[in-house]
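File shown here: final01.cif, holding mmCIF, N, CA and C atoms.
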```
data_my_file
#
loop_
_atom_site.label_atom_id
_atom_site.label_comp_id
_atom_site.auth_asym_id
_atom_site.auth_seq_id
_atom_site.Cartn_x
_atom_site.Cartn_y
_atom_site.Cartn_z
N GLN C 736 88.59 -22.56 193.31
CA GLN C 736 87.83 -21.34 193.49
C GLN C 736 86.35 -21.66 193.54
N GLU C 737 85.73 -21.28 194.65
CA GLU C 737 84.30 -21.53 194.77
C GLU C 737 83.53 -20.62 193.83
N GLN C 738 82.40 -21.13 193.32
CA GLN C 738 81.60 -20.34 192.39
C GLN C 738 80.15 -20.25 192.81
N LEU C 739 79.53 -19.12 192.50
CA LEU C 739 78.10 -18.93 192.65
C LEU C 739 77.61 -18.31 191.35
N GLU C 740 76.47 -18.75 190.89
CA GLU C 740 75.92 -18.24 189.64
C GLU C 740 74.43 -17.96 189.79
N GLU C 741 74.06 -16.71 189.57
CA GLU C 741 72.67 -16.29 189.68
C GLU C 741 71.94 -16.46 188.36
N SER C 742 70.64 -16.69 188.45
CA SER C 742 69.78 -16.73 187.27
C SER C 742 68.36 -16.37 187.70
N GLY C 743 67.50 -16.12 186.71
CA GLY C 743 66.10 -15.86 187.00
C GLY C 743 65.68 -14.41 186.92
N GLY C 744 66.61 -13.53 186.68
CA GLY C 744 66.25 -12.12 186.56
C GLY C 744 65.45 -11.87 185.29
N GLY C 745 64.84 -10.69 185.23
CA GLY C 745 64.06 -10.32 184.05
C GLY C 745 63.25 -9.08 184.33
N VAL C 746 62.28 -8.85 183.46
CA VAL C 746 61.40 -7.69 183.58
C VAL C 746 60.03 -8.16 184.05
N VAL C 747 59.48 -7.51 185.06
CA VAL C 747 58.20 -7.88 185.62
C VAL C 747 57.44 -6.60 185.96
N GLN C 748 56.12 -6.67 185.90
CA GLN C 748 55.31 -5.51 186.25
C GLN C 748 55.19 -5.38 187.76
N SER C 749 54.93 -4.17 188.19
CA SER C 749 54.72 -3.91 189.61
C SER C 749 53.61 -4.82 190.15
N GLY C 750 53.86 -5.43 191.31
CA GLY C 750 52.92 -6.36 191.89
C GLY C 750 53.16 -7.80 191.51
N GLY C 751 54.06 -8.01 190.55
CA GLY C 751 54.34 -9.36 190.07
C GLY C 751 55.37 -10.09 190.93
N SER C 752 55.77 -11.26 190.45
CA SER C 752 56.69 -12.13 191.20
C SER C 752 57.79 -12.63 190.28
N LEU C 753 58.92 -12.93 190.90
CA LEU C 753 60.03 -13.59 190.23
C LEU C 753 60.70 -14.51 191.24
N ARG C 754 61.34 -15.56 190.73
CA ARG C 754 62.15 -16.41 191.59
C ARG C 754 63.57 -16.43 191.04
N LEU C 755 64.49 -15.98 191.87
CA LEU C 755 65.90 -16.01 191.51
C LEU C 755 66.53 -17.30 192.04
N ALA C 756 67.53 -17.79 191.34
CA ALA C 756 68.27 -18.97 191.76
C ALA C 756 69.75 -18.64 191.86
N CYS C 757 70.40 -19.22 192.84
CA CYS C 757 71.85 -19.08 193.03
C CYS C 757 72.43 -20.50 193.05
N ALA C 758 73.02 -20.91 191.94
CA ALA C 758 73.63 -22.23 191.85
C ALA C 758 75.00 -22.17 192.52
N THR C 759 75.22 -23.12 193.43
CA THR C 759 76.49 -23.11 194.14
C THR C 759 77.02 -24.54 194.23
N SER C 760 77.81 -24.84 195.24
CA SER C 760 78.37 -26.17 195.40
C SER C 760 77.89 -26.75 196.72
N ALA C 761 78.00 -28.06 196.83
CA ALA C 761 77.62 -28.70 198.08
C ALA C 761 78.49 -28.20 199.23
N HIS C 762 79.74 -27.91 198.94
CA HIS C 762 80.65 -27.41 199.97
C HIS C 762 80.19 -26.05 200.51
N LEU C 763 79.87 -25.14 199.60
CA LEU C 763 79.41 -23.82 200.05
C LEU C 763 78.08 -23.91 200.77
N LEU C 764 77.14 -24.63 200.18
CA LEU C 764 75.81 -24.69 200.78
C LEU C 764 75.85 -25.37 202.15
N GLY C 765 76.73 -26.32 202.32
CA GLY C 765 76.82 -27.03 203.59
C GLY C 765 77.62 -26.32 204.67
N ASN C 766 78.51 -25.42 204.28
CA ASN C 766 79.45 -24.86 205.25
C ASN C 766 79.46 -23.33 205.33
N TYR C 767 78.71 -22.67 204.45
CA TYR C 767 78.71 -21.22 204.41
C TYR C 767 77.28 -20.70 204.52
N ALA C 768 77.18 -19.48 204.97
CA ALA C 768 75.90 -18.76 204.90
C ALA C 768 75.84 -18.08 203.53
N ILE C 769 74.70 -18.19 202.89
CA ILE C 769 74.49 -17.58 201.57
C ILE C 769 73.58 -16.38 201.72
N THR C 770 74.00 -15.26 201.18
CA THR C 770 73.22 -14.02 201.27
C THR C 770 72.90 -13.49 199.89
N TRP C 771 71.69 -12.99 199.74
CA TRP C 771 71.30 -12.24 198.54
C TRP C 771 71.51 -10.76 198.81
N PHE C 772 72.18 -10.12 197.86
CA PHE C 772 72.37 -8.68 197.88
C PHE C 772 71.71 -8.09 196.63
N ARG C 773 71.51 -6.79 196.65
CA ARG C 773 71.08 -6.11 195.44
C ARG C 773 71.72 -4.73 195.39
N GLN C 774 71.88 -4.25 194.17
CA GLN C 774 72.48 -2.93 193.99
C GLN C 774 71.79 -2.21 192.84
N ALA C 775 71.15 -1.10 193.19
CA ALA C 775 70.51 -0.26 192.20
C ALA C 775 71.52 0.80 191.76
N PRO C 776 71.36 1.37 190.56
CA PRO C 776 72.29 2.39 190.08
C PRO C 776 72.43 3.54 191.07
N GLY C 777 73.67 3.88 191.41
CA GLY C 777 73.91 4.98 192.32
C GLY C 777 73.78 4.64 193.80
N ASN C 778 73.40 3.39 194.08
CA ASN C 778 73.20 2.98 195.48
C ASN C 778 74.28 2.00 195.92
N GLU C 779 74.45 1.89 197.22
CA GLU C 779 75.35 0.89 197.76
C GLU C 779 74.71 -0.49 197.66
N ARG C 780 75.56 -1.50 197.70
CA ARG C 780 75.06 -2.87 197.66
C ARG C 780 74.38 -3.18 199.00
N GLU C 781 73.14 -3.66 198.91
CA GLU C 781 72.29 -3.88 200.08
C GLU C 781 72.09 -5.37 200.31
N GLY C 782 72.39 -5.84 201.50
CA GLY C 782 72.10 -7.22 201.86
C GLY C 782 70.63 -7.35 202.20
N ILE C 783 69.93 -8.32 201.60
CA ILE C 783 68.50 -8.40 201.80
C ILE C 783 68.04 -9.71 202.44
N SER C 784 68.77 -10.79 202.27
CA SER C 784 68.32 -12.04 202.87
C SER C 784 69.46 -13.03 202.94
N CYS C 785 69.47 -13.78 204.04
CA CYS C 785 70.54 -14.75 204.32
C CYS C 785 69.93 -16.09 204.68
N ILE C 786 70.64 -17.17 204.34
CA ILE C 786 70.26 -18.50 204.78
C ILE C 786 71.51 -19.28 205.16
N ARG C 787 71.41 -19.93 206.31
CA ARG C 787 72.45 -20.87 206.73
C ARG C 787 71.71 -22.19 206.87
N ASN C 788 71.66 -22.91 205.75
CA ASN C 788 70.70 -24.00 205.61
C ASN C 788 70.88 -25.11 206.65
N ARG C 789 72.13 -25.44 206.97
CA ARG C 789 72.36 -26.56 207.87
C ARG C 789 71.74 -26.32 209.24
N TYR C 790 71.66 -25.06 209.65
CA TYR C 790 71.15 -24.75 210.99
C TYR C 790 69.81 -24.04 210.95
N ASN C 791 69.14 -24.12 209.79
CA ASN C 791 67.81 -23.52 209.66
C ASN C 791 67.77 -22.06 210.10
N SER C 792 68.77 -21.34 209.71
CA SER C 792 68.86 -19.93 210.07
C SER C 792 68.59 -19.07 208.84
N THR C 793 67.65 -18.14 208.97
CA THR C 793 67.38 -17.19 207.90
C THR C 793 67.25 -15.78 208.48
N LEU C 794 67.41 -14.80 207.61
CA LEU C 794 67.33 -13.41 208.03
C LEU C 794 66.88 -12.57 206.85
N TYR C 795 66.06 -11.56 207.11
CA TYR C 795 65.57 -10.67 206.06
C TYR C 795 65.78 -9.21 206.46
N ALA C 796 66.13 -8.41 205.48
CA ALA C 796 66.15 -6.97 205.71
C ALA C 796 64.72 -6.46 205.78
N ASP C 797 64.52 -5.37 206.49
CA ASP C 797 63.17 -4.81 206.63
C ASP C 797 62.55 -4.47 205.28
N SER C 798 63.39 -4.11 204.33
CA SER C 798 62.89 -3.66 203.03
C SER C 798 62.20 -4.78 202.24
N VAL C 799 62.47 -6.04 202.59
CA VAL C 799 61.89 -7.15 201.84
C VAL C 799 61.10 -8.11 202.73
N LYS C 800 61.12 -7.90 204.02
CA LYS C 800 60.46 -8.81 204.95
C LYS C 800 58.97 -8.89 204.64
N GLY C 801 58.46 -10.12 204.56
CA GLY C 801 57.06 -10.34 204.26
C GLY C 801 56.75 -10.44 202.77
N ARG C 802 57.70 -10.06 201.93
CA ARG C 802 57.50 -10.13 200.47
C ARG C 802 58.44 -11.16 199.83
N PHE C 803 59.64 -11.30 200.35
CA PHE C 803 60.64 -12.21 199.79
C PHE C 803 60.83 -13.40 200.71
N THR C 804 61.11 -14.57 200.10
CA THR C 804 61.38 -15.78 200.87
C THR C 804 62.62 -16.46 200.33
N ILE C 805 63.55 -16.77 201.22
CA ILE C 805 64.77 -17.46 200.83
C ILE C 805 64.64 -18.94 201.21
N SER C 806 65.17 -19.80 200.34
CA SER C 806 65.13 -21.23 200.60
C SER C 806 66.32 -21.90 199.92
N ALA C 807 66.54 -23.16 200.27
CA ALA C 807 67.65 -23.90 199.69
C ALA C 807 67.21 -25.29 199.31
N ASP C 808 67.74 -25.78 198.21
CA ASP C 808 67.49 -27.15 197.74
C ASP C 808 68.84 -27.86 197.73
N THR C 809 69.04 -28.73 198.71
CA THR C 809 70.34 -29.39 198.81
C THR C 809 70.56 -30.41 197.70
N ALA C 810 69.48 -30.93 197.12
CA ALA C 810 69.62 -31.87 196.01
C ALA C 810 70.19 -31.18 194.77
N LYS C 811 69.92 -29.89 194.65
CA LYS C 811 70.39 -29.13 193.49
C LYS C 811 71.50 -28.16 193.86
N ASP C 812 71.88 -28.10 195.14
CA ASP C 812 72.89 -27.14 195.60
C ASP C 812 72.56 -25.72 195.14
N THR C 813 71.32 -25.36 195.35
CA THR C 813 70.83 -24.08 194.86
C THR C 813 70.06 -23.35 195.96
N VAL C 814 70.27 -22.06 196.04
CA VAL C 814 69.52 -21.19 196.94
C VAL C 814 68.58 -20.34 196.10
N TYR C 815 67.34 -20.24 196.54
CA TYR C 815 66.33 -19.49 195.81
C TYR C 815 65.91 -18.24 196.58
N LEU C 816 65.47 -17.25 195.83
CA LEU C 816 64.86 -16.07 196.43
C LEU C 816 63.55 -15.84 195.71
N GLN C 817 62.45 -16.19 196.38
CA GLN C 817 61.12 -15.94 195.84
C GLN C 817 60.72 -14.51 196.17
N MET C 818 60.45 -13.73 195.15
CA MET C 818 60.14 -12.32 195.33
C MET C 818 58.71 -12.06 194.88
N ASN C 819 57.87 -11.66 195.81
CA ASN C 819 56.47 -11.37 195.54
C ASN C 819 56.18 -9.88 195.77
N SER C 820 55.07 -9.42 195.26
CA SER C 820 54.64 -8.02 195.43
C SER C 820 55.78 -7.06 195.07
N LEU C 821 56.37 -7.31 193.93
CA LEU C 821 57.51 -6.49 193.53
C LEU C 821 57.09 -5.05 193.23
N GLU C 822 58.02 -4.15 193.55
CA GLU C 822 57.80 -2.71 193.36
C GLU C 822 58.93 -2.15 192.50
N PRO C 823 58.70 -1.02 191.85
CA PRO C 823 59.79 -0.42 191.06
C PRO C 823 61.07 -0.20 191.89
N ALA C 824 60.94 0.04 193.18
CA ALA C 824 62.10 0.23 194.05
C ALA C 824 62.93 -1.04 194.20
N ASP C 825 62.40 -2.18 193.79
CA ASP C 825 63.15 -3.44 193.84
C ASP C 825 64.04 -3.62 192.62
N THR C 826 63.96 -2.73 191.66
CA THR C 826 64.80 -2.81 190.47
C THR C 826 66.27 -2.68 190.85
N ALA C 827 67.05 -3.68 190.46
CA ALA C 827 68.47 -3.71 190.84
C ALA C 827 69.13 -4.92 190.20
N VAL C 828 70.45 -4.96 190.29
CA VAL C 828 71.17 -6.19 190.00
C VAL C 828 71.23 -6.97 191.31
N TYR C 829 70.83 -8.23 191.24
CA TYR C 829 70.79 -9.09 192.42
C TYR C 829 71.98 -10.06 192.38
N TYR C 830 72.68 -10.13 193.50
CA TYR C 830 73.85 -10.98 193.64
C TYR C 830 73.65 -11.98 194.78
N CYS C 831 74.25 -13.15 194.65
CA CYS C 831 74.36 -14.02 195.81
C CYS C 831 75.84 -14.08 196.21
N ALA C 832 76.04 -14.27 197.49
CA ALA C 832 77.40 -14.28 198.04
C ALA C 832 77.46 -15.25 199.21
N ALA C 833 78.67 -15.64 199.57
CA ALA C 833 78.84 -16.63 200.64
C ALA C 833 79.90 -16.17 201.62
N VAL C 834 79.65 -16.49 202.89
CA VAL C 834 80.62 -16.19 203.95
C VAL C 834 80.62 -17.36 204.92
N SER C 835 81.80 -17.65 205.47
CA SER C 835 81.93 -18.76 206.39
C SER C 835 81.46 -18.34 207.78
N ARG C 836 80.17 -18.54 208.04
CA ARG C 836 79.56 -18.20 209.32
C ARG C 836 78.58 -19.30 209.70
N ALA C 837 78.37 -19.48 210.99
CA ALA C 837 77.51 -20.57 211.46
C ALA C 837 76.04 -20.21 211.44
N SER C 838 75.72 -18.92 211.37
CA SER C 838 74.32 -18.52 211.36
C SER C 838 74.20 -17.18 210.66
N CYS C 839 72.97 -16.75 210.46
CA CYS C 839 72.70 -15.47 209.83
C CYS C 839 72.49 -14.39 210.88
N SER C 840 73.17 -13.28 210.69
CA SER C 840 73.01 -12.13 211.57
C SER C 840 73.24 -10.88 210.73
N SER C 841 73.25 -9.73 211.36
CA SER C 841 73.47 -8.50 210.62
C SER C 841 74.83 -8.51 209.91
N TYR C 842 75.77 -9.25 210.46
CA TYR C 842 77.09 -9.40 209.82
C TYR C 842 76.94 -9.91 208.40
N ASN C 843 75.99 -10.83 208.19
CA ASN C 843 75.83 -11.46 206.89
C ASN C 843 75.20 -10.54 205.84
N LEU C 844 74.69 -9.39 206.28
CA LEU C 844 74.07 -8.46 205.34
C LEU C 844 75.04 -7.35 204.91
N ARG C 845 76.29 -7.48 205.30
CA ARG C 845 77.29 -6.48 204.95
C ARG C 845 78.14 -6.99 203.79
N ALA C 846 78.20 -6.25 202.72
CA ALA C 846 78.88 -6.71 201.52
C ALA C 846 80.36 -7.01 201.79
N TYR C 847 81.00 -6.23 202.63
CA TYR C 847 82.43 -6.40 202.85
C TYR C 847 82.75 -7.68 203.64
N SER C 848 81.73 -8.32 204.20
CA SER C 848 81.93 -9.54 204.98
C SER C 848 82.09 -10.78 204.11
N MET C 849 81.66 -10.70 202.85
CA MET C 849 81.54 -11.90 202.02
C MET C 849 82.88 -12.42 201.52
N ASN C 850 82.96 -13.75 201.39
CA ASN C 850 84.15 -14.41 200.86
C ASN C 850 84.07 -14.65 199.35
N TYR C 851 82.86 -14.96 198.87
CA TYR C 851 82.67 -15.29 197.45
C TYR C 851 81.44 -14.59 196.91
N TRP C 852 81.49 -14.25 195.62
CA TRP C 852 80.40 -13.53 194.97
C TRP C 852 80.06 -14.16 193.62
N GLY C 853 78.77 -14.07 193.26
CA GLY C 853 78.37 -14.34 191.89
C GLY C 853 78.45 -13.06 191.07
N LYS C 854 78.08 -13.16 189.79
CA LYS C 854 78.21 -12.01 188.88
C LYS C 854 76.93 -11.19 188.79
N GLY C 855 75.84 -11.70 189.30
CA GLY C 855 74.61 -10.92 189.36
C GLY C 855 73.62 -11.22 188.25
N THR C 856 72.36 -10.89 188.52
CA THR C 856 71.29 -11.00 187.54
C THR C 856 70.39 -9.78 187.71
N LEU C 857 69.96 -9.19 186.60
CA LEU C 857 69.22 -7.93 186.63
C LEU C 857 67.73 -8.18 186.77
N VAL C 858 67.14 -7.48 187.71
CA VAL C 858 65.69 -7.48 187.89
C VAL C 858 65.17 -6.08 187.63
N THR C 859 64.20 -5.97 186.74
CA THR C 859 63.59 -4.68 186.43
C THR C 859 62.10 -4.78 186.68
N VAL C 860 61.60 -3.90 187.54
CA VAL C 860 60.18 -3.87 187.86
C VAL C 860 59.59 -2.61 187.26
N SER C 861 58.66 -2.79 186.35
CA SER C 861 58.06 -1.65 185.67
C SER C 861 56.77 -1.23 186.37
N SER C 862 56.49 0.07 186.34
CA SER C 862 55.30 0.59 187.03
C SER C 862 54.09 0.59 186.11
#
```
File written out as structure tokens:
Amino acid sequence: QEQLEESGGGVVQSGGSLRLACATSAHLLGNYAITWFRQAPGNEREGISCIRNRYNSTLYADSVKGRFTISADTAKDTVYLQMNSLEPADTAVYYCAAVSRASCSSYNLRAYSMNYWGKGTLVTVSS
């Protein structure tokens, strides 16, 4: 069973930054697209950023474009999400997930498309 594990969540003031990490395996990072999702209370799970590291493919949702950056460290088998200029609307549980796809597209931002999920990490942005 493939595993993904998120870390790095916490409480931050509006305008601040956090970096989330998604620890995975060499197999997943090398052969799957990894997507960050988030889910706020009462909301649907939203796909926000994807990386298909082997093919240098990334994708961002409009809601985070220009503020968040996704990257991967193959030495650590970890995908990061650098989040800058955080707003209270970014408060959510953040999940990483994996799907067997060759590149990132809108397909990768749909929760039902994913093959594997982590358990999530909570990000709270205070005003």
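The interatomic distance for the pair atom C of Thr770 of chain C and atom CA of Thr856 of chain C works out to 12.7 Å.
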Using all atoms listed in the file, which residues sit within 6 Å of Ile769 of chain C once same-chain residues fewer than 2 positions away are excluded, as number ranges by chain? C: 767, 771, 784-787, 832-834
If you count only C-alpha atoms, the residue of C:Thr859, C:Gln736, C:Thr813, C:Thr793 closest to Pro776 of chain C turns out to be C:Thr859
Of the candidates C:Leu816, C:Leu755, C:Val746, C:Ala810, which one gets nearest to Tyr795 of chain C if we count only C-alpha atoms? C:Leu816
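Nearest to Val799 of chain C of all the residues C:His762, C:Arg845, C:Lys854, C:Arg773 is C:Arg773, counting only C-alpha atoms.
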On this file, the PyMOL selection byres ((chain C and resi 806) around 8) gives some set of residues; write that set as a CSV table (one decimal) with N, CA and C atoms, keeping the file's coordinate frame.
```
chain,number,residue,atom,x,y,z
C,785,CYS,N,69.5,-13.8,204.0
C,785,CYS,CA,70.5,-14.8,204.3
C,785,CYS,C,69.9,-16.1,204.7
C,786,ILE,N,70.6,-17.2,204.3
C,786,ILE,CA,70.3,-18.5,204.8
C,786,ILE,C,71.5,-19.3,205.2
C,788,ASN,N,71.7,-22.9,205.8
C,788,ASN,CA,70.7,-24.0,205.6
C,788,ASN,C,70.9,-25.1,206.6
C,803,PHE,N,59.6,-11.3,200.4
C,803,PHE,CA,60.6,-12.2,199.8
C,803,PHE,C,60.8,-13.4,200.7
C,804,THR,N,61.1,-14.6,200.1
C,804,THR,CA,61.4,-15.8,200.9
C,804,THR,C,62.6,-16.5,200.3
C,805,ILE,N,63.6,-16.8,201.2
C,805,ILE,CA,64.8,-17.5,200.8
C,805,ILE,C,64.6,-18.9,201.2
C,807,ALA,N,66.5,-23.2,200.3
C,807,ALA,CA,67.6,-23.9,199.7
C,807,ALA,C,67.2,-25.3,199.3
C,808,ASP,N,67.7,-25.8,198.2
C,808,ASP,CA,67.5,-27.2,197.7
C,808,ASP,C,68.8,-27.9,197.7
C,809,THR,N,69.0,-28.7,198.7
C,809,THR,CA,70.3,-29.4,198.8
C,809,THR,C,70.6,-30.4,197.7
C,813,THR,N,71.3,-25.4,195.4
C,813,THR,CA,70.8,-24.1,194.9
C,813,THR,C,70.1,-23.4,196.0
C,814,VAL,N,70.3,-22.1,196.0
C,814,VAL,CA,69.5,-21.2,196.9
C,814,VAL,C,68.6,-20.3,196.1
C,815,TYR,N,67.3,-20.2,196.5
C,815,TYR,CA,66.3,-19.5,195.8
C,815,TYR,C,65.9,-18.2,196.6
C,816,LEU,N,65.5,-17.2,195.8
C,816,LEU,CA,64.9,-16.1,196.4
C,816,LEU,C,63.6,-15.8,195.7
C,817,GLN,N,62.4,-16.2,196.4
C,817,GLN,CA,61.1,-15.9,195.8
C,817,GLN,C,60.7,-14.5,196.2
```
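For the residues C:Tyr842, C:Tyr790, C:Tyr830, C:Tyr851, ranking by smallest atom-to-atom distance to Cys757 of chain C using all atoms listed in the file places C:Tyr830 first.
The gap separating atom CA of Ser848 of chain C from atom CA of Asn766 of chain C is 15.5 Å, in Å to one decimal.
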Result set of the PyMOL selection byres (((chain C and resi 742 and name CA) around 9) and name CA) on the coordinates above, as a VMD selection string: chain C and resid 740 to 741 743 to 744 754 to 758 855 to 857
For each of C:Ile783, C:Gly751, C:Thr759, C:Asn778, take the minimum atom-to-atom distance to Asn843 of chain C, counting only N, CA and C atoms, then give the residue where this is smallest.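 The answer is C:Ile783, which sits nearest to Asn843 of chain C.
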What separation in Å, quoted to one decimal, exists between atom CA of Leu844 of chain C and atom CA of Cys831 of chain C?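 Answer for the atom CA of Leu844 of chain C to atom CA of Cys831 of chain C separation: 11.0 Å.
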From the list C:Arg836, C:Glu822, C:Asn850, C:Asp797, which residue is nearest Gln748 of chain C when using all atoms listed in the file?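 Once distances to Gln748 of chain C are computed over all atoms listed in the file, the minimum belongs to C:Glu822.
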Once DSSP has gone over the backbone, tell me which residues of chain C are in helix (DSSP H, G or I), as a ChimeraX atom specification. /C:761-766,788-790,823-825,841-844,846-848
Test item: residues at most 12 Å from Val860 of chain C, only C-alpha atoms, excluding those fewer than 4 positions along its chain, as an mmCIF file with N, CA and C atoms, keeping the file's coordinate frame:
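Produced file selection16.cif, reproduced below:
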```cif
data_model
loop_
_atom_site.group_PDB
_atom_site.id
_atom_site.type_symbol
_atom_site.label_atom_id
_atom_site.label_comp_id
_atom_site.auth_asym_id
_atom_site.auth_seq_id
_atom_site.Cartn_x
_atom_site.Cartn_y
_atom_site.Cartn_z
ATOM 1 N N GLY C 744 66.610 -13.530 186.680
ATOM 2 C CA GLY C 744 66.250 -12.120 186.560
ATOM 3 C C GLY C 744 65.450 -11.870 185.290
ATOM 4 N N GLY C 745 64.840 -10.690 185.230
ATOM 5 C CA GLY C 745 64.060 -10.320 184.050
ATOM 6 C C GLY C 745 63.250 -9.080 184.330
ATOM 7 N N VAL C 746 62.280 -8.850 183.460
ATOM 8 C CA VAL C 746 61.400 -7.690 183.580
ATOM 9 C C VAL C 746 60.030 -8.160 184.050
ATOM 10 N N VAL C 747 59.480 -7.510 185.060
ATOM 11 C CA VAL C 747 58.200 -7.880 185.620
ATOM 12 C C VAL C 747 57.440 -6.600 185.960
ATOM 13 N N GLN C 748 56.120 -6.670 185.900
ATOM 14 C CA GLN C 748 55.310 -5.510 186.250
ATOM 15 C C GLN C 748 55.190 -5.380 187.760
ATOM 16 N N SER C 749 54.930 -4.170 188.190
ATOM 17 C CA SER C 749 54.720 -3.910 189.610
ATOM 18 C C SER C 749 53.610 -4.820 190.150
ATOM 19 N N GLY C 750 53.860 -5.430 191.310
ATOM 20 C CA GLY C 750 52.920 -6.360 191.890
ATOM 21 C C GLY C 750 53.160 -7.800 191.510
ATOM 22 N N GLY C 751 54.060 -8.010 190.550
ATOM 23 C CA GLY C 751 54.340 -9.360 190.070
ATOM 24 C C GLY C 751 55.370 -10.090 190.930
ATOM 25 N N SER C 752 55.770 -11.260 190.450
ATOM 26 C CA SER C 752 56.690 -12.130 191.200
ATOM 27 C C SER C 752 57.790 -12.630 190.280
ATOM 28 N N LEU C 753 58.920 -12.930 190.900
ATOM 29 C CA LEU C 753 60.030 -13.590 190.230
ATOM 30 C C LEU C 753 60.700 -14.510 191.240
ATOM 31 N N ALA C 775 71.150 -1.100 193.190
ATOM 32 C CA ALA C 775 70.510 -0.260 192.200
ATOM 33 C C ALA C 775 71.520 0.800 191.760
ATOM 34 N N MET C 818 60.450 -13.730 195.150
ATOM 35 C CA MET C 818 60.140 -12.320 195.330
ATOM 36 C C MET C 818 58.710 -12.060 194.880
ATOM 37 N N ASN C 819 57.870 -11.660 195.810
ATOM 38 C CA ASN C 819 56.470 -11.370 195.540
ATOM 39 C C ASN C 819 56.180 -9.880 195.770
ATOM 40 N N SER C 820 55.070 -9.420 195.260
ATOM 41 C CA SER C 820 54.640 -8.020 195.430
ATOM 42 C C SER C 820 55.780 -7.060 195.070
ATOM 43 N N LEU C 821 56.370 -7.310 193.930
ATOM 44 C CA LEU C 821 57.510 -6.490 193.530
ATOM 45 C C LEU C 821 57.090 -5.050 193.230
ATOM 46 N N GLU C 822 58.020 -4.150 193.550
ATOM 47 C CA GLU C 822 57.800 -2.710 193.360
ATOM 48 C C GLU C 822 58.930 -2.150 192.500
ATOM 49 N N PRO C 823 58.700 -1.020 191.850
ATOM 50 C CA PRO C 823 59.790 -0.420 191.060
ATOM 51 C C PRO C 823 61.070 -0.200 191.890
ATOM 52 N N ALA C 824 60.940 0.040 193.180
ATOM 53 C CA ALA C 824 62.100 0.230 194.050
ATOM 54 C C ALA C 824 62.930 -1.040 194.200
ATOM 55 N N ASP C 825 62.400 -2.180 193.790
ATOM 56 C CA ASP C 825 63.150 -3.440 193.840
ATOM 57 C C ASP C 825 64.040 -3.620 192.620
ATOM 58 N N THR C 826 63.960 -2.730 191.660
ATOM 59 C CA THR C 826 64.800 -2.810 190.470
ATOM 60 C C THR C 826 66.270 -2.680 190.850
ATOM 61 N N ALA C 827 67.050 -3.680 190.460
ATOM 62 C CA ALA C 827 68.470 -3.710 190.840
ATOM 63 C C ALA C 827 69.130 -4.920 190.200
ATOM 64 N N VAL C 828 70.450 -4.960 190.290
ATOM 65 C CA VAL C 828 71.170 -6.190 190.000
ATOM 66 C C VAL C 828 71.230 -6.970 191.310
#
```
Hey, what does DSSP flag as strand (DSSP E) within chain C? Can you give it to me as JSON, numbers by chain? {"C": [740, 741, 742, 745, 746, 747, 748, 753, 754, 755, 756, 757, 758, 768, 769, 770, 771, 772, 773, 774, 781, 782, 783, 784, 785, 786, 787, 792, 793, 794, 795, 803, 804, 805, 806, 807, 808, 813, 814, 815, 816, 817, 818, 827, 828, 829, 830, 831, 832, 833, 834, 851, 852, 856, 857, 858, 859, 860, 861]}
Output as lines of an AutoDock Vina configuration file the centre and edge lengths (Å, one decimal) of the box along x, y and z of the file that holds every listed atom of segment 827-845 of chain C after adding 4 Å on each side.
```
center_x = 74.5
center_y = -12.1
center_z = 200.8
size_x = 22.9
size_y = 24.9
size_z = 29.6
```
